[in-house]
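Below is one structure, written out as structure tokens, with a few remarks after it.
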Amino acid sequence: MPLAQTSTTVPVIVNDDLCIADKGCTVCVDVCPLDVLRIVETDEGNKTAFMKYDECWYCMPCEADCPTGAVTVNLPYLLK
Ligand code: SF4
Ligand code: SF4
């Protein structure tokens, strides 16, 4: 199985257009208790957050605390 996840298969999606990691924001990375989010540089040279490891407790602070609303946590059907 490839290590790289496509953005449609992981539980947490970050909208690169809204993410302000470029300006130093690391809120979602800091609040995640599982430490599965990371800041990376995109092909365009901007920084953005993304889900590095496909593990999630669906505890939601990453989505709730993101100052720009860039994070979407896709809750599994059974948890909704
Ligand atoms: S909290 Fe939001 S704006 Fe900040 S790095 Fe994470 S996704 Fe980007
Ligand atoms: S929902 Fe919780 S475990 Fe999942 S990425 Fe966000 S902070 Fe981390």
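Each chain in the structure tokens gets a letter, A, B and so on, in the order shown; residues start at 1 in every chain, and ligands are counted from 1 in the order they appear.
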* To do: Name the residues, by chain letter and number, that sit within 12 Å of ligand 1 using only C-alpha atoms and all ligand atoms, and give them as a PyMOL selection string.
  => chain A and resi 12-32+36-41+46-51+60-73
* Asked: Got a sec: who's within 8 Å of Cys56 in chain A, counting only C-alpha atoms, leaving out chain neighbours fewer than 2 positions off, as a PyMOL selection string?
  -> chain A and resi 11+34+36+54+58-59
For N, CA and C atoms, I'd like the residues from the last selection saved as a PDB file, in the first residue's frame.
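Result went into out-v9.pdb, see below:
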ATOM      1  N   PRO A  11      -9.435  10.795   6.611  1.00  0.00           N
ATOM      2  CA  PRO A  11     -10.564  11.371   7.352  1.00  0.00           C
ATOM      3  C   PRO A  11     -10.534  12.889   7.424  1.00  0.00           C
ATOM      4  N   LEU A  34      -3.352  12.771  18.503  1.00  0.00           N
ATOM      5  CA  LEU A  34      -2.687  11.633  17.871  1.00  0.00           C
ATOM      6  C   LEU A  34      -1.457  12.055  17.075  1.00  0.00           C
ATOM      7  N   VAL A  36      -1.142  13.369  14.101  1.00  0.00           N
ATOM      8  CA  VAL A  36      -1.160  12.810  12.745  1.00  0.00           C
ATOM      9  C   VAL A  36      -1.171  13.890  11.659  1.00  0.00           C
ATOM     10  N   ASP A  54      -3.121   8.187   8.546  1.00  0.00           N
ATOM     11  CA  ASP A  54      -4.556   7.962   8.447  1.00  0.00           C
ATOM     12  C   ASP A  54      -5.085   7.332   9.729  1.00  0.00           C
ATOM     13  N   TYR A  58     -11.525  11.345  15.702  1.00  0.00           N
ATOM     14  CA  TYR A  58     -12.705  12.176  15.413  1.00  0.00           C
ATOM     15  C   TYR A  58     -13.081  13.021  16.632  1.00  0.00           C
ATOM     16  N   CYS A  59     -12.061  13.542  17.272  1.00  0.00           N
ATOM     17  CA  CYS A  59     -12.304  14.349  18.471  1.00  0.00           C
ATOM     18  C   CYS A  59     -12.555  15.811  18.109  1.00  0.00           C
TER      19      CYS A  59
END
* Asked: Suppose you want the space between CA of Pro33 in chain A and atom 3 (S, counted along the ligand's line) of ligand 2; what is it in Å?
  -> 5.8 Å
* Can you list, as a VMD selection string, all residues belonging to range 20-75 of chain A that DSSP tags as strand (DSSP E or B)? => chain A and resid 37 to 41 47 to 51 71 to 73
* To do: Quick one: pull the distance between CA of Tyr53 in chain A and CA of Pro76 in chain A, Å, one decimal.
  => 16.6 Å
* To do: Enter the distance from atom 6 (Fe, counted along the ligand's line) of ligand 2 to CA of Thr42 in chain A, in Å, rounded to one decimal.
  =>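 Between atom 6 (Fe, counted along the ligand's line) of ligand 2 and CA of Thr42 in chain A the gap is 20.5 Å.
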* Asked: Pick from A:Asp35, A:Leu78, A:Glu44, A:Val10: nearest to ligand 2, with only C-alpha atoms and all ligand atoms counted?
  ->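 Nearest to ligand 2: A:Asp35.
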* To do: Could you find all residues in chain A that DSSP calls helix (DSSP H, G or I) from the backbone, and write them as a list in words?
  => Ala21, Asp22, Lys23, Val27, Cys28, Val29, Asp30, Val31, Pro61, Cys62, Glu63, Ala64, Asp65, Tyr77, Leu78 and Leu79 of chain A
Since we have the selection now, will you write its residues out, keeping all heavy atoms, as a short mmCIF file (atom, residue, chain, number, x, y, z; two decimals), in the first residue's frame?
data_model
loop_
_atom_site.label_atom_id
_atom_site.label_comp_id
_atom_site.auth_asym_id
_atom_site.auth_seq_id
_atom_site.Cartn_x
_atom_site.Cartn_y
_atom_site.Cartn_z
N ALA A 21 -1.02 28.26 7.12
CA ALA A 21 0.24 27.74 7.66
C ALA A 21 1.42 28.57 7.18
O ALA A 21 2.44 28.69 7.87
CB ALA A 21 0.41 26.28 7.25
N ASP A 22 1.27 29.16 6.00
CA ASP A 22 2.29 30.06 5.45
C ASP A 22 2.61 31.21 6.40
O ASP A 22 3.72 31.71 6.44
CB ASP A 22 1.76 30.66 4.13
CG ASP A 22 2.68 30.32 2.98
OD1 ASP A 22 3.68 29.61 3.21
OD2 ASP A 22 2.40 30.74 1.86
N LYS A 23 1.59 31.62 7.13
CA LYS A 23 1.76 32.75 8.06
C LYS A 23 2.15 32.27 9.45
O LYS A 23 2.12 33.02 10.42
CB LYS A 23 0.47 33.57 8.14
CG LYS A 23 0.09 34.22 6.81
CD LYS A 23 -1.05 35.21 6.99
CE LYS A 23 -1.26 36.06 5.76
NZ LYS A 23 -1.85 35.30 4.65
N VAL A 27 -1.93 25.47 14.42
CA VAL A 27 -2.93 25.13 15.44
C VAL A 27 -3.38 23.68 15.33
O VAL A 27 -3.40 22.93 16.32
CB VAL A 27 -4.14 26.07 15.33
CG1 VAL A 27 -5.29 25.58 16.20
CG2 VAL A 27 -3.74 27.49 15.73
N CYS A 28 -3.77 23.25 14.13
CA CYS A 28 -4.32 21.91 13.99
C CYS A 28 -3.28 20.85 14.35
O CYS A 28 -3.61 19.84 14.99
CB CYS A 28 -4.87 21.68 12.59
SG CYS A 28 -3.66 21.93 11.28
N VAL A 29 -2.04 21.10 13.97
CA VAL A 29 -0.97 20.15 14.30
C VAL A 29 -0.79 20.08 15.81
O VAL A 29 -0.64 19.01 16.39
CB VAL A 29 0.36 20.59 13.63
CG1 VAL A 29 1.50 19.67 14.05
CG2 VAL A 29 0.21 20.60 12.12
N ASP A 30 -0.87 21.25 16.46
CA ASP A 30 -0.64 21.32 17.90
C ASP A 30 -1.76 20.68 18.71
O ASP A 30 -1.51 20.11 19.77
CB ASP A 30 -0.48 22.78 18.33
CG ASP A 30 0.76 23.42 17.72
OD1 ASP A 30 1.66 22.67 17.30
OD2 ASP A 30 0.83 24.66 17.66
N VAL A 31 -2.99 20.80 18.25
CA VAL A 31 -4.11 20.30 19.07
C VAL A 31 -4.40 18.82 18.86
O VAL A 31 -5.10 18.21 19.67
CB VAL A 31 -5.41 21.09 18.83
CG1 VAL A 31 -5.27 22.54 19.28
CG2 VAL A 31 -5.88 21.00 17.39
N PRO A 61 -10.97 18.84 17.54
CA PRO A 61 -10.37 20.15 17.80
C PRO A 61 -9.66 20.73 16.59
O PRO A 61 -9.59 21.96 16.45
CB PRO A 61 -9.39 19.89 18.95
CG PRO A 61 -9.10 18.44 18.88
CD PRO A 61 -10.39 17.81 18.40
N CYS A 62 -9.14 19.89 15.72
CA CYS A 62 -8.45 20.43 14.54
C CYS A 62 -9.43 21.25 13.71
O CYS A 62 -9.11 22.36 13.26
CB CYS A 62 -7.83 19.30 13.71
SG CYS A 62 -9.00 18.04 13.20
N GLU A 63 -10.64 20.73 13.53
CA GLU A 63 -11.64 21.46 12.76
C GLU A 63 -12.16 22.66 13.56
O GLU A 63 -12.30 23.76 13.04
CB GLU A 63 -12.80 20.52 12.39
CG GLU A 63 -13.88 21.23 11.57
CD GLU A 63 -15.00 20.28 11.13
OE1 GLU A 63 -14.70 19.27 10.48
OE2 GLU A 63 -16.18 20.57 11.44
N ALA A 64 -12.41 22.46 14.85
CA ALA A 64 -13.01 23.51 15.66
C ALA A 64 -12.05 24.68 15.89
O ALA A 64 -12.47 25.84 15.94
CB ALA A 64 -13.44 22.94 17.01
N ASP A 65 -10.77 24.39 16.03
CA ASP A 65 -9.82 25.44 16.40
C ASP A 65 -9.13 26.10 15.21
O ASP A 65 -8.45 27.12 15.38
CB ASP A 65 -8.74 24.86 17.33
CG ASP A 65 -9.32 24.46 18.67
OD1 ASP A 65 -10.50 24.77 18.92
OD2 ASP A 65 -8.60 23.83 19.47
N TYR A 77 -19.87 7.29 8.95
CA TYR A 77 -21.33 7.24 9.05
C TYR A 77 -21.80 6.83 10.45
O TYR A 77 -22.71 7.40 11.01
CB TYR A 77 -21.87 6.26 8.01
CG TYR A 77 -23.37 6.09 8.08
CD1 TYR A 77 -24.20 7.12 7.67
CD2 TYR A 77 -23.94 4.92 8.55
CE1 TYR A 77 -25.58 6.99 7.74
CE2 TYR A 77 -25.31 4.77 8.61
CZ TYR A 77 -26.13 5.80 8.21
OH TYR A 77 -27.48 5.66 8.28
N LEU A 78 -21.15 5.85 11.03
CA LEU A 78 -21.61 5.31 12.31
C LEU A 78 -21.43 6.29 13.47
O LEU A 78 -22.08 6.14 14.50
CB LEU A 78 -20.86 4.01 12.63
CG LEU A 78 -21.30 2.82 11.79
CD1 LEU A 78 -20.42 1.62 12.07
CD2 LEU A 78 -22.76 2.48 12.08
N LEU A 79 -20.57 7.27 13.31
CA LEU A 79 -20.33 8.22 14.40
C LEU A 79 -21.22 9.44 14.29
O LEU A 79 -21.25 10.26 15.19
CB LEU A 79 -18.85 8.67 14.39
CG LEU A 79 -17.85 7.65 14.91
CD1 LEU A 79 -16.44 8.22 14.81
CD2 LEU A 79 -18.17 7.26 16.34
#
